[in-house]
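Engineer: One structure, as C-alpha cells, below. Some questions next.
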Amino acid sequence: MADDLMSKLVSLCKRRGYVFQASEIYGGIGSSWDFGPLGVELKRNVKDAWWRAMVHERDDIVGLDSAIIQHPKVWEASGHIENFTDPLVDCKKCKGRFRADKLDDARCLEKPSKKPGECGGELTEPRRFNLMFKTFLGPVEETAATAYLRPETAQGIFTNFVNVQQSARKRPPFGIAQIGKSFRNEITPGNFIFRTREFEQMEMEFFVPPADWEKWYGEWRSLRQQWYIDLGIDPAKLRLRDHAADELAHYSNGCTDIEFLFPFGWSELEGIASRTDFDLKRHAQWSGKDLQYFDEQTKEHYVPYVIEPAAGCDRATLAFLVDAYTEEQVEGETRVVMKLHPRLAPVKAAILPLVKKDGMPERAHAIEKALRQRFTTSYDEAGAIGRRYRRNDEVGTPFCLTVDGQTKDDQSVTVRARDTMRQERVAEAQLENYLAAQMANWKRGVS
Ligand code: ATP
C-alpha cells in the first residue's frame, strides 16, 4: 500500500512536472531531484507561507540570508566537526553501507525484502562518519584551504546575532529566520525528496531571556504544529514526539519532533529544539567576541537562551503532496485529485475555452491575461473539456474557468471547483473577487 502510494506520487510528479530525477538523461544521480515547473511553484509557496507566518506577520522576527560557505572555525565552535556524525556499518557480503541507527528502515542490497544483516551477511562494528561535505577554497587543495558546505542554516544566524540585534534594534524575545540550502552527505538518503544530500531548510532561532525558555518552547511547539494544519494537513496525520533524555544533544534541555504519517511511517517533519545558550557561548569562546545582550532597562548583561523551530522545505513539500493525493470513483472512473490548499497550489486557475472556435480562445486568453496580474494561471484548449478538468485535478488547480457560447452574450464563465466538482456561473467582472474569496475560505474536505 505504502509503496504503491509513493510510486503513484513519484510518477504523477514526473508526468505533471512537479519533480524530476536529477541528471536523468545520464541515468540519474543517487537521491538528487530537480523541481519542475509545478514543483518550483509549490516549493516557493511553501517557503512564502513560512516566511509570511514567521517574519511578515510578526513584529518580533526578522530575516537573514547568510552564506553557505562560512569560516571553518564556525563548524569547530558549533561542534559539527567533532560531533556531526552518524554511525555507519558495512555489510561484508553485499558491501552495502547503512546507518546503524536506521537499520529498520534500510534494505539489503541483494535481497530488498530483508533488512541489512538479516540476509546472513555480517555487519561491521559501527564507525563514526562525518556528514559535512568538504571542499577547498581557491586553487590549492590543501588542509589550510578546507571549507565545508553548511549542514544547517542555523550557524549563520548565531554568528550574526550581534549584527542583527543591533542593526534591527531588537531586544529578546526576538527571532532571526532564514531559508536556504543545506548539505549533508547522508549515508542512506531515500524515500523520494524526504532525505536527500542537498535540501532546503526553513530555520528560526528565537532568542529569549534565560528564565523564559520554557514558555517559548511551549509556544513554538504549538505554533509550528498549527502552521501545517492551517495549510491543510490532516491533523490526524500530525503528532508531536518529545525526545527522551538520552536522545537529547548534550547542550539541549528539550526537543520535540513534529512528525507526519508518511506512507513509509511516522517520520520527522520539523524539530523544535531548546538549545540553551550553548551556541552563542561557544561562538563567543571561539571568536573571542562578546555575544552577550545588554539590557538597557535592567542594566544586565546576559547570553540569551534559544528556541529553534527547524523545518525542511523539501520534506514539508512531500508531506503536502502526500496529504493532497486523493483517488475518487466518479462515474465509474478513478479521478486523481491533488487537494492542495489553494495557497500552495502551483496554479490557481485554469482558463479553458469550451471549443477552439467562435471567439472562445480569444476571450479565454483575455480573461487569463487579466487574472494573471493577481493569480498564477494556465490556459488549456487541447482535448475534451472532461479530460482537461481531470488534467487540472491531477495538477491540483483549485478552479477551472470555462469560456463557452454564453460568455459572449452575458460576460460570464463557468467556474468549476476542484474538490467538489461543483459548477457556478460567475460574471467576468466578479472573477477576481470570487476566486480570492473562495481561496480564503477554503477548508480541507469541505470546499
Ligand atoms: P533526521 O533525523 O531525519 O536526519 P535531523 O533531526 O538530523 O533529521 P535537523 O538537523 O533537526 O534534522 O534538521 C531540521 C529539518 O531539516 C528536519 O526536520 C528535516 O525536515 C530537514 N532535513 C534534515 N536532513 C534532511 C535531509 N537529508 N533531507 C531533507 N530534509 C532534511
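Each chain in the C-alpha cells gets a letter, A, B, ..., in the order shown, and its residues are numbered from 1; ligands are numbered from 1 in order too.
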Neighbours of Arg224 (chain A) within 10 Å (only C-alpha atoms; same-chain residues fewer than 2 positions away dropped), as a PDB file with N, CA, C and O atoms, in the first residue's frame?

Structural biologist:
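Contents of selection-v3.pdb, as written:
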ATOM      1  N   TRP A  50       5.751  30.094   4.944  1.00  0.00           N
ATOM      2  CA  TRP A  50       6.588  30.063   6.161  1.00  0.00           C
ATOM      3  C   TRP A  50       7.111  31.467   6.481  1.00  0.00           C
ATOM      4  O   TRP A  50       7.030  31.946   7.608  1.00  0.00           O
ATOM      5  N   ALA A  53       4.354  33.695   7.804  1.00  0.00           N
ATOM      6  CA  ALA A  53       3.958  33.379   9.180  1.00  0.00           C
ATOM      7  C   ALA A  53       5.065  33.747  10.172  1.00  0.00           C
ATOM      8  O   ALA A  53       4.776  34.205  11.275  1.00  0.00           O
ATOM      9  N   MET A  54       6.317  33.564   9.768  1.00  0.00           N
ATOM     10  CA  MET A  54       7.412  33.765  10.714  1.00  0.00           C
ATOM     11  C   MET A  54       7.896  35.221  10.741  1.00  0.00           C
ATOM     12  O   MET A  54       8.227  35.738  11.799  1.00  0.00           O
ATOM     13  N   GLU A 219       5.275  27.544  23.415  1.00  0.00           N
ATOM     14  CA  GLU A 219       4.611  28.390  22.411  1.00  0.00           C
ATOM     15  C   GLU A 219       4.972  27.939  20.987  1.00  0.00           C
ATOM     16  O   GLU A 219       4.113  27.765  20.133  1.00  0.00           O
ATOM     17  N   TRP A 220       6.257  27.719  20.747  1.00  0.00           N
ATOM     18  CA  TRP A 220       6.679  27.362  19.387  1.00  0.00           C
ATOM     19  C   TRP A 220       6.249  25.961  18.994  1.00  0.00           C
ATOM     20  O   TRP A 220       5.967  25.691  17.829  1.00  0.00           O
ATOM     21  N   ARG A 221       6.176  25.057  19.976  1.00  0.00           N
ATOM     22  CA  ARG A 221       5.663  23.714  19.660  1.00  0.00           C
ATOM     23  C   ARG A 221       4.255  23.814  19.094  1.00  0.00           C
ATOM     24  O   ARG A 221       3.929  23.199  18.086  1.00  0.00           O
ATOM     25  N   SER A 222       3.396  24.603  19.736  1.00  0.00           N
ATOM     26  CA  SER A 222       2.021  24.621  19.217  1.00  0.00           C
ATOM     27  C   SER A 222       1.891  25.493  17.975  1.00  0.00           C
ATOM     28  O   SER A 222       1.168  25.133  17.044  1.00  0.00           O
ATOM     29  N   GLN A 226       0.407  24.086  14.334  1.00  0.00           N
ATOM     30  CA  GLN A 226      -0.766  24.730  13.761  1.00  0.00           C
ATOM     31  C   GLN A 226      -0.503  25.206  12.325  1.00  0.00           C
ATOM     32  O   GLN A 226      -1.402  25.205  11.486  1.00  0.00           O
ATOM     33  N   TRP A 227       0.742  25.587  12.049  1.00  0.00           N
ATOM     34  CA  TRP A 227       1.079  26.086  10.698  1.00  0.00           C
ATOM     35  C   TRP A 227       0.748  25.026   9.637  1.00  0.00           C
ATOM     36  O   TRP A 227       0.168  25.334   8.605  1.00  0.00           O
ATOM     37  N   TYR A 228       1.090  23.782   9.919  1.00  0.00           N
ATOM     38  CA  TYR A 228       0.809  22.712   8.947  1.00  0.00           C
ATOM     39  C   TYR A 228      -0.700  22.491   8.818  1.00  0.00           C
ATOM     40  O   TYR A 228      -1.213  22.263   7.717  1.00  0.00           O
ATOM     41  N   ILE A 229      -1.399  22.573   9.945  1.00  0.00           N
ATOM     42  CA  ILE A 229      -2.858  22.358   9.915  1.00  0.00           C
ATOM     43  C   ILE A 229      -3.534  23.483   9.121  1.00  0.00           C
ATOM     44  O   ILE A 229      -4.392  23.235   8.289  1.00  0.00           O
ATOM     45  N   ILE A 258       8.021  17.391  15.216  1.00  0.00           N
ATOM     46  CA  ILE A 258       6.680  17.318  14.632  1.00  0.00           C
ATOM     47  C   ILE A 258       6.781  16.208  13.598  1.00  0.00           C
ATOM     48  O   ILE A 258       7.601  16.282  12.682  1.00  0.00           O
ATOM     49  N   GLU A 270       9.785  18.319  11.223  1.00  0.00           N
ATOM     50  CA  GLU A 270      10.411  19.524  11.778  1.00  0.00           C
ATOM     51  C   GLU A 270      10.828  19.231  13.215  1.00  0.00           C
ATOM     52  O   GLU A 270      10.165  18.464  13.906  1.00  0.00           O
ATOM     53  N   GLY A 271      11.925  19.854  13.638  1.00  0.00           N
ATOM     54  CA  GLY A 271      12.356  19.688  15.026  1.00  0.00           C
ATOM     55  C   GLY A 271      12.250  21.027  15.749  1.00  0.00           C
ATOM     56  O   GLY A 271      12.573  22.076  15.184  1.00  0.00           O
ATOM     57  N   ILE A 272      11.764  20.985  16.982  1.00  0.00           N
ATOM     58  CA  ILE A 272      11.746  22.219  17.783  1.00  0.00           C
ATOM     59  C   ILE A 272      12.655  21.966  18.976  1.00  0.00           C
ATOM     60  O   ILE A 272      12.358  21.118  19.820  1.00  0.00           O
ATOM     61  N   PRO A 309      12.786  26.393  15.977  1.00  0.00           N
ATOM     62  CA  PRO A 309      11.984  25.540  15.100  1.00  0.00           C
ATOM     63  C   PRO A 309      12.733  25.386  13.768  1.00  0.00           C
ATOM     64  O   PRO A 309      12.985  26.372  13.082  1.00  0.00           O
ATOM     65  N   ALA A 310      13.106  24.142  13.432  1.00  0.00           N
ATOM     66  CA  ALA A 310      13.892  23.887  12.206  1.00  0.00           C
ATOM     67  C   ALA A 310      13.112  22.940  11.311  1.00  0.00           C
ATOM     68  O   ALA A 310      12.909  21.772  11.645  1.00  0.00           O
ATOM     69  N   ALA A 311      12.670  23.479  10.175  1.00  0.00           N
ATOM     70  CA  ALA A 311      11.844  22.672   9.271  1.00  0.00           C
ATOM     71  C   ALA A 311      12.584  22.411   7.965  1.00  0.00           C
ATOM     72  O   ALA A 311      13.468  23.181   7.580  1.00  0.00           O
TER      73      ALA A 311
END

Engineer: Using DSSP secondary structure from the backbone, list all strand (DSSP E or B) positions within region 236-329 of chain A, as number ranges by chain.

Structural biologist: A: 238-242, 254-262, 265-276, 293-295, 300-302, 305-312, 325-329

Engineer: For ligand 1, return the neighbouring residues as a PyMOL selection string (distance at most 7 Å; only C-alpha atoms and all ligand atoms).

Structural biologist: chain A and resi 152+184+186+189+193-201+268-271+310-316

Engineer: What would the file look like if the residues just selected were written as a PDB file, in the first residue's frame with C-alpha atoms?

Structural biologist:
ATOM      1  CA  GLU A 152      22.327  23.638   8.611  1.00  0.00           C
ATOM      2  CA  ARG A 184      24.600  16.558   4.344  1.00  0.00           C
ATOM      3  CA  GLU A 186      23.690  11.220   4.180  1.00  0.00           C
ATOM      4  CA  PRO A 189      19.232   9.029   1.541  1.00  0.00           C
ATOM      5  CA  ILE A 193      12.568  14.001  -1.563  1.00  0.00           C
ATOM      6  CA  PHE A 194      12.303  13.029   2.134  1.00  0.00           C
ATOM      7  CA  ARG A 195      16.025  12.557   2.702  1.00  0.00           C
ATOM      8  CA  THR A 196      18.479  13.977   0.189  1.00  0.00           C
ATOM      9  CA  ARG A 197      22.038  15.245   0.350  1.00  0.00           C
ATOM     10  CA  GLU A 198      21.107  18.733  -0.766  1.00  0.00           C
ATOM     11  CA  PHE A 199      17.944  20.254   0.663  1.00  0.00           C
ATOM     12  CA  GLU A 200      16.380  23.496   1.793  1.00  0.00           C
ATOM     13  CA  GLN A 201      15.786  24.350   5.404  1.00  0.00           C
ATOM     14  CA  GLU A 268      10.203  13.833  11.366  1.00  0.00           C
ATOM     15  CA  LEU A 269       8.946  16.879   9.527  1.00  0.00           C
ATOM     16  CA  GLU A 270      10.411  19.524  11.778  1.00  0.00           C
ATOM     17  CA  GLY A 271      12.356  19.688  15.026  1.00  0.00           C
ATOM     18  CA  ALA A 310      13.892  23.887  12.206  1.00  0.00           C
ATOM     19  CA  ALA A 311      11.844  22.672   9.271  1.00  0.00           C
ATOM     20  CA  GLY A 312      12.786  21.053   5.976  1.00  0.00           C
ATOM     21  CA  CYS A 313      11.215  22.676   2.947  1.00  0.00           C
ATOM     22  CA  ASP A 314      11.505  19.588   0.740  1.00  0.00           C
ATOM     23  CA  ARG A 315      10.092  17.371   3.489  1.00  0.00           C
ATOM     24  CA  ALA A 316       7.200  19.730   4.078  1.00  0.00           C
TER      25      ALA A 316
END

Engineer: Between CA of Asp295 (chain A) and CA of Arg58 (chain A), what is the spacing in Å?

Structural biologist: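 So the answer is 21.8 Å.
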
Engineer: Smallest atom-to-atom distance to Leu9 (chain A): which of A:Tyr251, A:Tyr379, A:Asp410, A:Ala324, using only C-alpha atoms?

Structural biologist: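 Once distances to Leu9 (chain A) are computed over only C-alpha atoms, the minimum belongs to A:Ala324.
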
Engineer: If we count only C-alpha atoms and set the cut-off at 12 Å, which residues sit around Cys108 (chain A), ignoring sequence neighbours fewer than 4 positions away in its own chain? Please answer as an mmCIF file with N, CA, C and O atoms, in the first residue's frame.

Structural biologist:
data_model
loop_
_atom_site.group_PDB
_atom_site.id
_atom_site.type_symbol
_atom_site.label_atom_id
_atom_site.label_comp_id
_atom_site.auth_asym_id
_atom_site.auth_seq_id
_atom_site.Cartn_x
_atom_site.Cartn_y
_atom_site.Cartn_z
ATOM 1 N N ASP A 90 29.057 -1.470 7.599
ATOM 2 C CA ASP A 90 29.176 -2.059 6.260
ATOM 3 C C ASP A 90 28.707 -3.502 6.331
ATOM 4 O O ASP A 90 28.972 -4.193 7.316
ATOM 5 N N CYS A 91 28.059 -3.959 5.263
ATOM 6 C CA CYS A 91 27.749 -5.388 5.181
ATOM 7 C C CYS A 91 28.899 -6.042 4.429
ATOM 8 O O CYS A 91 29.221 -5.630 3.306
ATOM 9 N N LYS A 92 29.520 -7.047 5.069
ATOM 10 C CA LYS A 92 30.699 -7.655 4.440
ATOM 11 C C LYS A 92 30.324 -8.449 3.187
ATOM 12 O O LYS A 92 31.159 -8.683 2.325
ATOM 13 N N LYS A 93 29.036 -8.842 3.096
ATOM 14 C CA LYS A 93 28.625 -9.665 1.954
ATOM 15 C C LYS A 93 28.236 -8.802 0.746
ATOM 16 O O LYS A 93 28.864 -8.874 -0.297
ATOM 17 N N CYS A 94 27.258 -7.905 0.922
ATOM 18 C CA CYS A 94 26.778 -7.145 -0.249
ATOM 19 C C CYS A 94 27.500 -5.815 -0.399
ATOM 20 O O CYS A 94 27.262 -5.097 -1.362
ATOM 21 N N LYS A 95 28.350 -5.471 0.565
ATOM 22 C CA LYS A 95 29.145 -4.226 0.551
ATOM 23 C C LYS A 95 28.281 -2.974 0.720
ATOM 24 O O LYS A 95 28.724 -1.861 0.448
ATOM 25 N N GLY A 96 27.023 -3.189 1.121
ATOM 26 C CA GLY A 96 26.149 -2.040 1.368
ATOM 27 C C GLY A 96 26.615 -1.280 2.598
ATOM 28 O O GLY A 96 27.225 -1.850 3.500
ATOM 29 N N ARG A 97 26.344 0.033 2.632
ATOM 30 C CA ARG A 97 26.678 0.867 3.798
ATOM 31 C C ARG A 97 25.387 1.406 4.370
ATOM 32 O O ARG A 97 24.554 1.941 3.634
ATOM 33 N N PHE A 98 25.232 1.286 5.661
ATOM 34 C CA PHE A 98 23.954 1.641 6.273
ATOM 35 C C PHE A 98 24.169 2.433 7.548
ATOM 36 O O PHE A 98 25.195 2.281 8.215
ATOM 37 N N LEU A 103 18.664 0.870 10.809
ATOM 38 C CA LEU A 103 18.684 -0.399 10.071
ATOM 39 C C LEU A 103 17.269 -0.883 9.752
ATOM 40 O O LEU A 103 17.049 -1.541 8.732
ATOM 41 N N ASP A 104 16.328 -0.526 10.616
ATOM 42 C CA ASP A 104 14.947 -0.955 10.386
ATOM 43 C C ASP A 104 14.375 -0.386 9.095
ATOM 44 O O ASP A 104 13.512 -0.983 8.473
ATOM 45 N N PRO A 112 16.217 -7.148 -1.296
ATOM 46 C CA PRO A 112 15.491 -5.969 -0.794
ATOM 47 C C PRO A 112 14.336 -6.294 0.154
ATOM 48 O O PRO A 112 13.821 -5.415 0.824
ATOM 49 N N SER A 113 13.920 -7.571 0.215
ATOM 50 C CA SER A 113 12.832 -7.895 1.160
ATOM 51 C C SER A 113 13.367 -7.987 2.591
ATOM 52 O O SER A 113 12.607 -8.070 3.548
ATOM 53 N N LYS A 114 14.697 -7.997 2.744
ATOM 54 C CA LYS A 114 15.284 -8.153 4.087
ATOM 55 C C LYS A 114 16.000 -6.884 4.531
ATOM 56 O O LYS A 114 16.427 -6.074 3.720
ATOM 57 N N LYS A 115 16.115 -6.779 5.868
ATOM 58 C CA LYS A 115 16.890 -5.672 6.418
ATOM 59 C C LYS A 115 18.368 -6.042 6.390
ATOM 60 O O LYS A 115 18.692 -7.240 6.388
ATOM 61 N N PRO A 116 19.271 -5.048 6.422
ATOM 62 C CA PRO A 116 20.702 -5.375 6.454
ATOM 63 C C PRO A 116 21.003 -6.298 7.629
ATOM 64 O O PRO A 116 20.472 -6.115 8.715
ATOM 65 N N GLY A 117 21.824 -7.291 7.365
ATOM 66 C CA GLY A 117 22.185 -8.221 8.437
ATOM 67 C C GLY A 117 21.282 -9.439 8.480
ATOM 68 O O GLY A 117 21.690 -10.517 8.881
ATOM 69 N N GLU A 118 20.032 -9.287 8.006
ATOM 70 C CA GLU A 118 19.098 -10.427 8.045
ATOM 71 C C GLU A 118 19.354 -11.401 6.901
ATOM 72 O O GLU A 118 18.795 -12.488 6.868
ATOM 73 N N CYS A 119 20.201 -10.960 5.959
ATOM 74 C CA CYS A 119 20.430 -11.781 4.773
ATOM 75 C C CYS A 119 21.562 -12.776 5.017
ATOM 76 O O CYS A 119 21.948 -13.518 4.122
ATOM 77 N N GLY A 120 22.091 -12.779 6.214
ATOM 78 C CA GLY A 120 23.210 -13.687 6.501
ATOM 79 C C GLY A 120 24.549 -12.985 6.399
ATOM 80 O O GLY A 120 25.582 -13.495 6.828
ATOM 81 N N GLY A 121 24.557 -11.784 5.835
ATOM 82 C CA GLY A 121 25.802 -11.017 5.735
ATOM 83 C C GLY A 121 26.197 -10.453 7.094
ATOM 84 O O GLY A 121 25.323 -10.039 7.854
ATOM 85 N N GLU A 122 27.491 -10.415 7.373
ATOM 86 C CA GLU A 122 27.934 -9.898 8.673
ATOM 87 C C GLU A 122 28.109 -8.382 8.585
ATOM 88 O O GLU A 122 28.661 -7.874 7.601
ATOM 89 N N LEU A 123 27.640 -7.676 9.612
ATOM 90 C CA LEU A 123 27.791 -6.222 9.629
ATOM 91 C C LEU A 123 29.019 -5.850 10.460
ATOM 92 O O LEU A 123 29.262 -6.456 11.509
ATOM 93 N N THR A 188 22.340 6.989 4.026
ATOM 94 C CA THR A 188 21.235 6.351 3.308
ATOM 95 C C THR A 188 20.130 7.367 3.016
ATOM 96 O O THR A 188 19.168 7.479 3.769
#

Engineer: Taking only C-alpha atoms into account, name the residue in A:Val395, A:Val336, A:Val322, A:Val303 that is nearest to Lys14 (chain A).

Structural biologist: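 Of all the options, A:Val395 lies closest to Lys14 (chain A).
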
Engineer: As an NGL selection string, please: the residues near Ile187 (chain A) (cut-off 9 Å, only C-alpha atoms, same-chain neighbours under 4 positions excluded).

Structural biologist: :A and (86 or 88 or 97-99 or 129 or 131)

Engineer: Give me, as a Markdown table, each residue of region 291-391 of chain A that comes within 12 Å of region 230-246 of chain A, together with its shortest interatomic pair and the distance in Å at one decimal, counting only C-alpha atoms, with rows ordered by chain and rising residue number.

Structural biologist:
| residue | atom | partner | partner_atom | distance |
| --- | --- | --- | --- | --- |
| A:Ala316 | CA | A:Ile233 | CA | 10.1 |
| A:Thr317 | CA | A:Ile233 | CA | 11.1 |
| A:Leu318 | CA | A:Ile233 | CA | 11.4 |
| A:Ala319 | CA | A:Ile233 | CA | 8.0 |
| A:Phe320 | CA | A:Ile233 | CA | 6.7 |
| A:Leu321 | CA | A:Ile233 | CA | 9.8 |
| A:Val322 | CA | A:Ile233 | CA | 9.6 |
| A:Asp323 | CA | A:Ile233 | CA | 6.4 |
| A:Ala324 | CA | A:Ile233 | CA | 8.1 |
| A:Tyr325 | CA | A:Ile233 | CA | 11.4 |
| A:Met338 | CA | A:Gly232 | CA | 11.8 |
| A:Lys339 | CA | A:Gly232 | CA | 8.9 |
| A:Leu340 | CA | A:Gly232 | CA | 7.3 |
| A:His341 | CA | A:Gly232 | CA | 5.6 |
| A:Pro342 | CA | A:Leu231 | CA | 8.8 |
| A:Arg343 | CA | A:Leu231 | CA | 7.7 |
| A:Leu344 | CA | A:Leu231 | CA | 7.7 |
| A:Ala345 | CA | A:Leu231 | CA | 10.7 |

Engineer: The selected residues should be written to file as a compact mmCIF listing (two decimals), in the first residue's frame (atoms: all heavy atoms).

Structural biologist:
# COMPACT_ATOMS: atom_id res chain seq x y z
N ALA A 316 8.55 19.16 3.94
CA ALA A 316 7.20 19.73 4.08
C ALA A 316 6.48 19.61 2.74
O ALA A 316 5.31 19.23 2.68
CB ALA A 316 7.29 21.19 4.52
N THR A 317 7.20 19.90 1.64
CA THR A 317 6.60 19.80 0.31
C THR A 317 6.10 18.38 0.06
O THR A 317 5.00 18.16 -0.45
CB THR A 317 7.62 20.24 -0.76
OG1 THR A 317 8.00 21.59 -0.48
CG2 THR A 317 7.07 20.15 -2.16
N LEU A 318 6.91 17.39 0.46
CA LEU A 318 6.49 15.99 0.29
C LEU A 318 5.23 15.70 1.12
O LEU A 318 4.30 15.04 0.65
CB LEU A 318 7.63 15.03 0.67
CG LEU A 318 7.30 13.54 0.54
CD1 LEU A 318 6.94 13.17 -0.90
CD2 LEU A 318 8.48 12.67 1.01
N ALA A 319 5.22 16.22 2.35
CA ALA A 319 4.04 15.97 3.21
C ALA A 319 2.79 16.59 2.57
O ALA A 319 1.73 15.96 2.54
CB ALA A 319 4.28 16.56 4.60
N PHE A 320 2.92 17.81 2.04
CA PHE A 320 1.75 18.44 1.41
C PHE A 320 1.30 17.63 0.19
O PHE A 320 0.10 17.46 -0.05
CB PHE A 320 2.07 19.89 1.00
CG PHE A 320 2.19 20.82 2.18
CD1 PHE A 320 3.37 21.54 2.41
CD2 PHE A 320 1.13 20.99 3.06
CE1 PHE A 320 3.49 22.39 3.50
CE2 PHE A 320 1.23 21.85 4.16
CZ PHE A 320 2.41 22.54 4.38
N LEU A 321 2.26 17.12 -0.58
CA LEU A 321 1.91 16.32 -1.76
C LEU A 321 1.21 15.01 -1.36
O LEU A 321 0.18 14.65 -1.91
CB LEU A 321 3.17 16.00 -2.59
CG LEU A 321 3.75 17.14 -3.43
CD1 LEU A 321 5.14 16.77 -3.95
CD2 LEU A 321 2.83 17.46 -4.61
N VAL A 322 1.80 14.32 -0.38
CA VAL A 322 1.25 13.03 0.07
C VAL A 322 -0.17 13.24 0.60
O VAL A 322 -1.09 12.50 0.29
CB VAL A 322 2.14 12.44 1.20
CG1 VAL A 322 1.41 11.37 1.97
CG2 VAL A 322 3.45 11.92 0.63
N ASP A 323 -0.32 14.28 1.41
CA ASP A 323 -1.60 14.52 2.07
C ASP A 323 -2.67 14.93 1.05
O ASP A 323 -3.85 14.68 1.24
CB ASP A 323 -1.42 15.61 3.13
CG ASP A 323 -2.54 15.58 4.14
OD1 ASP A 323 -2.91 14.47 4.57
OD2 ASP A 323 -3.06 16.65 4.48
N ALA A 324 -2.22 15.59 -0.02
CA ALA A 324 -3.18 16.09 -1.02
C ALA A 324 -3.64 14.99 -1.98
O ALA A 324 -4.73 15.07 -2.56
CB ALA A 324 -2.54 17.23 -1.82
N TYR A 325 -2.81 13.95 -2.13
CA TYR A 325 -3.11 12.93 -3.15
C TYR A 325 -4.39 12.17 -2.81
O TYR A 325 -4.52 11.57 -1.75
CB TYR A 325 -1.94 11.94 -3.26
CG TYR A 325 -2.14 10.93 -4.37
CD1 TYR A 325 -1.65 11.17 -5.65
CD2 TYR A 325 -2.86 9.76 -4.16
CE1 TYR A 325 -1.86 10.27 -6.68
CE2 TYR A 325 -3.08 8.85 -5.17
CZ TYR A 325 -2.57 9.11 -6.44
OH TYR A 325 -2.78 8.21 -7.46
N MET A 338 -5.25 16.29 -6.65
CA MET A 338 -4.32 16.80 -5.64
C MET A 338 -5.06 17.90 -4.91
O MET A 338 -5.20 19.01 -5.42
CB MET A 338 -3.05 17.35 -6.30
CG MET A 338 -2.20 16.29 -6.97
SD MET A 338 -1.61 15.03 -5.82
CE MET A 338 -0.25 15.90 -5.11
N LYS A 339 -5.53 17.57 -3.69
CA LYS A 339 -6.34 18.55 -2.96
C LYS A 339 -5.44 19.45 -2.11
O LYS A 339 -5.54 19.51 -0.89
CB LYS A 339 -7.38 17.83 -2.11
CG LYS A 339 -8.43 17.13 -2.97
CD LYS A 339 -9.61 16.63 -2.16
CE LYS A 339 -10.68 16.08 -3.09
NZ LYS A 339 -11.84 15.53 -2.38
N LEU A 340 -4.54 20.14 -2.81
CA LEU A 340 -3.64 21.07 -2.14
C LEU A 340 -4.41 22.30 -1.65
O LEU A 340 -5.37 22.73 -2.31
CB LEU A 340 -2.56 21.55 -3.12
CG LEU A 340 -1.49 20.54 -3.54
CD1 LEU A 340 -0.78 21.03 -4.80
CD2 LEU A 340 -0.50 20.31 -2.41
N HIS A 341 -3.98 22.84 -0.54
CA HIS A 341 -4.54 24.13 -0.11
C HIS A 341 -4.33 25.13 -1.26
O HIS A 341 -3.24 25.19 -1.84
CB HIS A 341 -3.80 24.61 1.14
CG HIS A 341 -4.45 25.79 1.80
ND1 HIS A 341 -4.62 27.00 1.18
CD2 HIS A 341 -4.99 25.93 3.04
CE1 HIS A 341 -5.23 27.85 2.00
NE2 HIS A 341 -5.46 27.22 3.14
N PRO A 342 -5.37 25.92 -1.61
CA PRO A 342 -5.21 26.87 -2.73
C PRO A 342 -3.99 27.78 -2.58
O PRO A 342 -3.39 28.18 -3.57
CB PRO A 342 -6.50 27.68 -2.70
CG PRO A 342 -7.50 26.78 -2.04
CD PRO A 342 -6.74 25.95 -1.06
N ARG A 343 -3.61 28.10 -1.33
CA ARG A 343 -2.41 28.95 -1.15
C ARG A 343 -1.17 28.25 -1.67
O ARG A 343 -0.20 28.89 -2.07
CB ARG A 343 -2.20 29.23 0.34
CG ARG A 343 -2.92 30.45 0.83
CD ARG A 343 -2.60 30.72 2.27
NE ARG A 343 -1.27 31.28 2.46
CZ ARG A 343 -0.75 31.53 3.66
NH1 ARG A 343 -1.43 31.25 4.75
NH2 ARG A 343 0.46 32.03 3.78
N LEU A 344 -1.17 26.92 -1.59
CA LEU A 344 0.02 26.17 -2.01
C LEU A 344 -0.06 25.72 -3.46
O LEU A 344 0.97 25.47 -4.09
CB LEU A 344 0.20 24.93 -1.11
CG LEU A 344 0.42 25.20 0.37
CD1 LEU A 344 0.62 23.88 1.11
CD2 LEU A 344 1.65 26.10 0.59
N ALA A 345 -1.27 25.61 -3.99
CA ALA A 345 -1.42 25.08 -5.35
C ALA A 345 -0.58 25.90 -6.33
O ALA A 345 -0.62 27.13 -6.31
CB ALA A 345 -2.89 25.12 -5.75

Engineer: Given only C-alpha atoms as the basis, pick out the residue of A:Ala417, A:Ala440, A:Ala49, A:Val40 nearest to Val337 (chain A).

Structural biologist: A:Ala417

Engineer: Tell me which protein, DNA and RNA residues are within 12 Å of Phe294 (chain A), counting only C-alpha atoms, leaving out same-chain ones fewer than 4 positions away, and put them as a ChimeraX atom specification.

Structural biologist: /A:162,165-166,169-172,209,290,298-304

Engineer: Give me the residues within 8 Å of Phe375 (chain A) as an MDAnalysis selection string, counting only C-alpha atoms and dropping any in the same chain fewer than 5 places off.

Structural biologist: chainID A and resid 347:349

Engineer: I need the chosen residues saved as a tab-separated table (two decimals), in the first residue's frame, with all heavy atoms.

Structural biologist:
chain	number	residue	atom	x	y	z
A	347	VAL	N	-0.83	26.35	-9.58
A	347	VAL	CA	-1.67	27.14	-10.49
A	347	VAL	C	-3.02	27.32	-9.81
A	347	VAL	O	-3.61	26.35	-9.35
A	347	VAL	CB	-1.86	26.41	-11.85
A	347	VAL	CG1	-2.74	27.23	-12.78
A	347	VAL	CG2	-0.51	26.12	-12.50
A	348	LYS	N	-3.49	28.55	-9.73
A	348	LYS	CA	-4.75	28.78	-9.01
A	348	LYS	C	-5.96	28.60	-9.93
A	348	LYS	O	-7.00	28.17	-9.48
A	348	LYS	CB	-4.80	30.20	-8.43
A	348	LYS	CG	-3.55	30.64	-7.68
A	348	LYS	CD	-3.24	29.79	-6.47
A	348	LYS	CE	-2.04	30.35	-5.72
A	348	LYS	NZ	-1.34	29.35	-4.94
A	349	ALA	N	-5.82	29.02	-11.18
A	349	ALA	CA	-6.98	28.93	-12.08
A	349	ALA	C	-6.54	28.55	-13.49
A	349	ALA	O	-5.58	29.11	-14.02
A	349	ALA	CB	-7.70	30.28	-12.11

Engineer: Using Å and a single decimal, report how far CA of Val164 (chain A) sits from CA of Asp65 (chain A).

Structural biologist: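 According to the coordinates, CA of Asp65 (chain A) and CA of Val164 (chain A) are separated by 11.4 Å.
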
Engineer: Taking 3 positions as the minimum chain separation for residues in the same chain, which residues sit within 6 Å of region 174-181 of chain A when counting only C-alpha atoms? Answer as a list in words.

Structural biologist: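 The neighbour list is Asp60, Ile61, Val62, Gly63, Leu64, Asp65, Phe199, Glu200, Gln201, Met202, Glu203, Met204, Glu205, Phe206 and Phe207 of chain A.
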